[in-house]
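In what follows, a structure is listed as structure tokens, so that the remarks can point back to it.
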Amino acid sequence: MQWSLLRPVGLVPAALILTTIAAGAEGGKSAGPSEFLLVTQIVLLIAVGRGLGEIMQRIGQPSVIGELLAGILLGPSLFGWLWPEAQAAIFPKAPEQKAMLDGIAQFGILLLLLLTGMETDLKLVRKIGKAAIAISIAGILVPFACGFALGEFLPDALLPKPEQRLVASLFMGTALSISSVKIVAVVVREMNFMRRNVGQIIVATAVIDDTIGWIIIAVIFSLAAQGALDIASVAKAVLGTLAFLAVSFTIGRRLVFQLIRWANDNLVSTAAVITVILLLMGAMALITHAIGVHTVLGAFVAGILVGESPILTRQIDERLRGLISSFFMPVFFGLAGLSADLSVLRDPNLLMLTGLLVVIASVGKFGGAFVGGTVGGLSTRESLALASGMNARGSTEVIIATIGLSIGVLSQNLFTMIVTMAIVTTMAMPPMLRAALAGLPMSKDEMERLEREEFEKRGFVANLERPLLAVDESVNATFASHVIGLLAGMRGLPITVLHIGKRAKEQERGRDEEESHETVVKRAAETVSAGGDGDTGSVDVVTRARRAELGETITDEARKGFDLLVVGIDKVAVAKDRFDRRIEDIATKFEGPLAIVAAKGKHLKQPMPDALNILVPVSGSGISKRGAEVAVALTQAGSGSLRVIYVATTRDKGAQRGASRGLSQEAGILKDASDLAARYDVDITTTLRVNRAPESAILREIDTTDVDLVVMGVDRIHADHLSFGGVADAVLRQSKVSVLLVSSGEARQVSGEKA
């Protein structure tokens, strides 16, 4: 195992020798910038950086440390010391050649801040609330004061512009007070503490630290550009920053969401959404530059807004992160390592100052975070864990130091000292945090919350992100809109309403038909937007009209990433075990979960009822649990009642073994349903009907109670037509009240059993 880890490192000297020979030959051909050298530099930084990053991760350290060490090894600290001619041949100091790699690294800074913003969970900050803000303020003020004091006493020789000591001191204070969200989150996640109270406080505090830090850095950049403390310029930068943040988190949030949705739904070119995200990042970076602050603030805020977009698919997210992690991170951090000449630490004075910087940074941040945690109500062990986590500077510190070097606030030696401090504090954090978190006790309230969140993590409704509603001009369509509105309104899910009635060209024949078409679409959208008692104000509704054949339309919509299709059309069932042709076509083209709504009884006259009295059959199978989850969510969203009836089918016997232990299978399954309802504070009534066929038991319960909606979780059955089995077919045809069938995404093979 150890040999396999060291093998890639052993190849580095051979690669360097071959590269040096080739670089020397290339350098003799032309005195100008060389594309060959640029590609060589990138290849070496990626290969060595990613290789060392892999080793670092395997020994419990962040991969960014390996990428930094790669630059240090390839720079004057080691390679330049052992073989200066070769190092100069591969990484020449010619301004034209250096500018090529610097350009990639500068764009890499923006992408790294975009990624940092995407990983910033503002919901977590809002959830933790005042405690995290109070802890963060204390955790920033103490190290900021320490860093500012250090800057005031630094020798003039370490400052590029001693006359601008105030700017340098402010910069040092910010550099010592900030933490690395990425490093903190990775370690907390590795230890399975991300959902623990203390883990959430640690990450939320790091998020606040990061956000405040970037705002301060942006203002310091304005100060550095002016060369002196100009009150008017500082006021302009501060007011401009506040205005930018206010617009970004109000109008900008909705605009970013709309642009990402538009790109996802309308553009057919490869990686269209990623292109739009990069353009958004660039535009916001230019805006912050225009108001006199650094471009990194614009990229960071753009990342936050992109990360909050409710339709950012996992695939798009992984592609973007993969590009940044595999290319821009090793190049940027490698270049930062190249810029840090650790050989200067052979000077005893610089070495002592570096050690002092590490001590001041660690004591200041650790002490400030510990005091903040204690004041914020954390226990001693929790405060120790918080302080340990906050002490990691990681990639954030290196980015700040690079910015300071580029704008002339830091000298080369001071830059090297700060990078060294970042490496030391980052490598010390994981073992310290692991030791502090190990064996931390869990309170009863925290345990209950974790159990609820674990349940929701496996749930169907809790993981819905983007439903699609397909409707026509019928009353059933209005009722379907009301149902999906209740579900979406609870969590503010974006809804797309697809009108699959008459085609647009046919509607142009007469004004009355056109008005009817628009009225139905708007009515459905307004019903969805007004549904539920939850966060309905944030429900975003887009309406579309069918412009092609139904199958083609559904195929086009399905590729956009919808995770549930709700169908509400006039005709549902046309014969025994046969659905309407349009529903057949829709189900054929949409492979994900499907919900079919059939309005009956009083809902034909009142398709938007004030309350729903729901009946849900459960049998212990996974799909029946999905039906129960939808029923509980609908009951929670509106007002009404929920009845749960136990029914048994042949295929459910295996699933029944998973019911609560120590009870009969029937009572255990009903208890599981009761526990589900209790998690959402929903009162239910349970019924046992063990001596009847499932369809008879359900229909009997409908006739003898006041329910007006049956919610059933059903499997798709392999057949030459759409089928959910005999029980669902009988209930759909014979029920006197409305029916909602919630199906699985894939068809199930049935042989010799009654479904």
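Letters A, B, ... mark the chains of the structure tokens in the order given; residue numbers begin at 1 per chain; ligand numbers begin at 1, in order shown.
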
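Running DSSP on the backbone and keeping only strand (DSSP E or B), the residues of segment 315-542 of chain A that qualify are A:Pro467, A:Leu468, A:Leu469, A:Ala470, A:Val471, A:Ile495, A:Thr496, A:Val497, A:Leu498, A:His499, A:Val541, A:Val542.
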
Could you take the residues named above and write them with C-alpha atoms, as a PDB file, in the first residue's frame?
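Below is the file that was written, again34.pdb:
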```pdb
ATOM      1  CA  PRO A 467     -42.686  18.644 -10.367  1.00  0.00           C
ATOM      2  CA  LEU A 468     -44.324  18.885 -13.799  1.00  0.00           C
ATOM      3  CA  LEU A 469     -48.099  19.316 -14.056  1.00  0.00           C
ATOM      4  CA  ALA A 470     -49.789  18.179 -17.288  1.00  0.00           C
ATOM      5  CA  VAL A 471     -53.385  19.458 -17.637  1.00  0.00           C
ATOM      6  CA  ILE A 495     -43.775  24.286 -10.902  1.00  0.00           C
ATOM      7  CA  THR A 496     -44.038  23.925 -14.664  1.00  0.00           C
ATOM      8  CA  VAL A 497     -47.641  23.730 -15.918  1.00  0.00           C
ATOM      9  CA  LEU A 498     -47.850  21.998 -19.292  1.00  0.00           C
ATOM     10  CA  HIS A 499     -51.162  22.449 -21.105  1.00  0.00           C
ATOM     11  CA  VAL A 541     -44.858  28.930 -11.883  1.00  0.00           C
ATOM     12  CA  VAL A 542     -44.104  28.650 -15.586  1.00  0.00           C
TER      13      VAL A 542
END
```

Do you know which residues are at most 10 Å from Ile403 of chain A counting only C-alpha atoms, after dropping those on the same chain fewer than 5 positions away, and could you put them as a short mmCIF file (atom, residue, chain, number, x, y, z; two decimals) with N, CA, C and O atoms, in the first residue's frame?
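Full text of result-v6.cif as output:
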```
data_model
loop_
_atom_site.label_atom_id
_atom_site.label_comp_id
_atom_site.auth_asym_id
_atom_site.auth_seq_id
_atom_site.Cartn_x
_atom_site.Cartn_y
_atom_site.Cartn_z
N GLN A 106 -5.67 33.65 -12.30
CA GLN A 106 -6.61 34.71 -11.89
C GLN A 106 -8.05 34.31 -12.17
O GLN A 106 -8.95 34.56 -11.38
N ILE A 109 -9.13 31.91 -9.55
CA ILE A 109 -9.58 32.50 -8.30
C ILE A 109 -11.08 32.73 -8.33
O ILE A 109 -11.81 32.40 -7.38
N ILE A 217 -12.26 42.25 2.59
CA ILE A 217 -11.20 42.22 1.59
C ILE A 217 -11.54 43.13 0.42
O ILE A 217 -10.68 43.84 -0.12
N PHE A 221 -9.31 46.30 -0.75
CA PHE A 221 -8.83 46.46 -2.12
C PHE A 221 -9.05 47.89 -2.61
O PHE A 221 -8.20 48.49 -3.26
N HIS A 294 -13.15 44.26 -5.07
CA HIS A 294 -12.50 43.18 -5.82
C HIS A 294 -13.52 42.27 -6.50
O HIS A 294 -14.63 42.07 -6.01
N VAL A 296 -13.55 39.17 -6.62
CA VAL A 296 -13.84 37.93 -5.90
C VAL A 296 -15.18 37.99 -5.18
O VAL A 296 -15.86 36.97 -5.03
N GLU A 397 -7.24 31.19 2.83
CA GLU A 397 -6.10 32.02 3.21
C GLU A 397 -5.16 32.23 2.02
O GLU A 397 -4.62 33.33 1.82
N VAL A 398 -4.94 31.18 1.25
CA VAL A 398 -4.04 31.28 0.10
C VAL A 398 -4.61 32.23 -0.95
O VAL A 398 -3.87 33.03 -1.56
N GLY A 408 -0.27 44.56 -4.17
CA GLY A 408 0.84 45.28 -3.56
C GLY A 408 0.73 45.52 -2.08
O GLY A 408 1.47 46.34 -1.52
N VAL A 409 -0.18 44.82 -1.39
CA VAL A 409 -0.30 44.97 0.06
C VAL A 409 0.72 44.12 0.78
O VAL A 409 1.21 44.49 1.85
N LEU A 410 1.06 42.95 0.21
CA LEU A 410 2.01 42.02 0.82
C LEU A 410 3.31 42.00 0.01
O LEU A 410 3.30 42.06 -1.22
N PHE A 415 4.16 37.21 2.03
CA PHE A 415 3.30 36.23 1.35
C PHE A 415 3.72 34.81 1.72
O PHE A 415 2.88 33.95 2.03
#
```

**OP:** Write out as a list in words which residues come within 9 Å of Leu550 of chain A when counting only C-alpha atoms, dropping same-chain ones fewer than 2 positions away.
**Re:** Ile500, Arg546, Arg547, Ala548, Glu552, Thr553, Ile554, Thr555, Arg582, Asp585 and Ile586 of chain A

Subject >> segment 153-156 of chain A surroundings by only C-alpha atoms, 10 Å radius, close-in-sequence under 2 positions cut, as a count of residues only >> reply: 15

Subject >> Contacts of Pro609 of chain A within 10 Å, only C-alpha atoms, excl. fewer than 5 positions in-chain, as a list of chain:residue names >> reply: A:Phe479, A:His482, A:Val483, A:Lys602, A:His603, A:Gly638, A:Ser639

**OP:** Using DSSP on the backbone coordinates, identify all residues within segment 84-225 of chain A classified as helix (DSSP H, G or I); present the result as a ChimeraX atom specification.
**Re:** /A:84-90,95-118,122-128,130-153,156-158,162-177,181-190,197-225

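Proximity to Lys605 of chain A at 12 Å, evaluated using only C-alpha atoms and with sequence-adjacent residues fewer than 3 positions away removed, yields Ser474, Val475, Asn476, Thr478, Phe479, Ala599, Lys600, Gly601, Lys602, Met608, Pro609 and Ser738 of chain A.
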
List as a PDB file with C-alpha atoms, in the first residue's frame the protein and nucleic acid residues near Arg50 of chain A, meaning an atom at most 9 Å away when only C-alpha atoms are counted, but skip any in the same chain fewer than 2 places from it.
```pdb
ATOM      1  CA  LEU A  45       1.132  21.352 -11.716  1.00  0.00           C
ATOM      2  CA  ILE A  46      -1.884  19.115 -12.344  1.00  0.00           C
ATOM      3  CA  ALA A  47       0.051  15.822 -12.238  1.00  0.00           C
ATOM      4  CA  VAL A  48       2.110  16.588  -9.131  1.00  0.00           C
ATOM      5  CA  LEU A  52       0.132  14.731  -3.750  1.00  0.00           C
ATOM      6  CA  GLY A  53      -3.491  15.665  -3.098  1.00  0.00           C
ATOM      7  CA  GLU A  54      -4.422  11.991  -3.352  1.00  0.00           C
ATOM      8  CA  ILE A  55      -1.733  11.098  -0.822  1.00  0.00           C
ATOM      9  CA  SER A  63      -6.174  17.602  -0.916  1.00  0.00           C
ATOM     10  CA  VAL A  64      -5.482  21.332  -1.214  1.00  0.00           C
ATOM     11  CA  GLY A  66      -0.985  18.461  -1.645  1.00  0.00           C
ATOM     12  CA  GLU A  67      -1.649  21.004  -4.396  1.00  0.00           C
ATOM     13  CA  ALA A  70       3.293  20.592  -5.369  1.00  0.00           C
ATOM     14  CA  SER A 326      -9.346  18.824 -11.590  1.00  0.00           C
ATOM     15  CA  PRO A 330      -4.126  22.438  -8.870  1.00  0.00           C
TER      16      PRO A 330
END
```

Subject >> Top pick for closest residue to Ala595 of chain A, considering A:Val276, A:Leu741, A:Ala206, A:Val198 and counting only C-alpha atoms >> reply: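 Nearest to Ala595 of chain A: A:Leu741.
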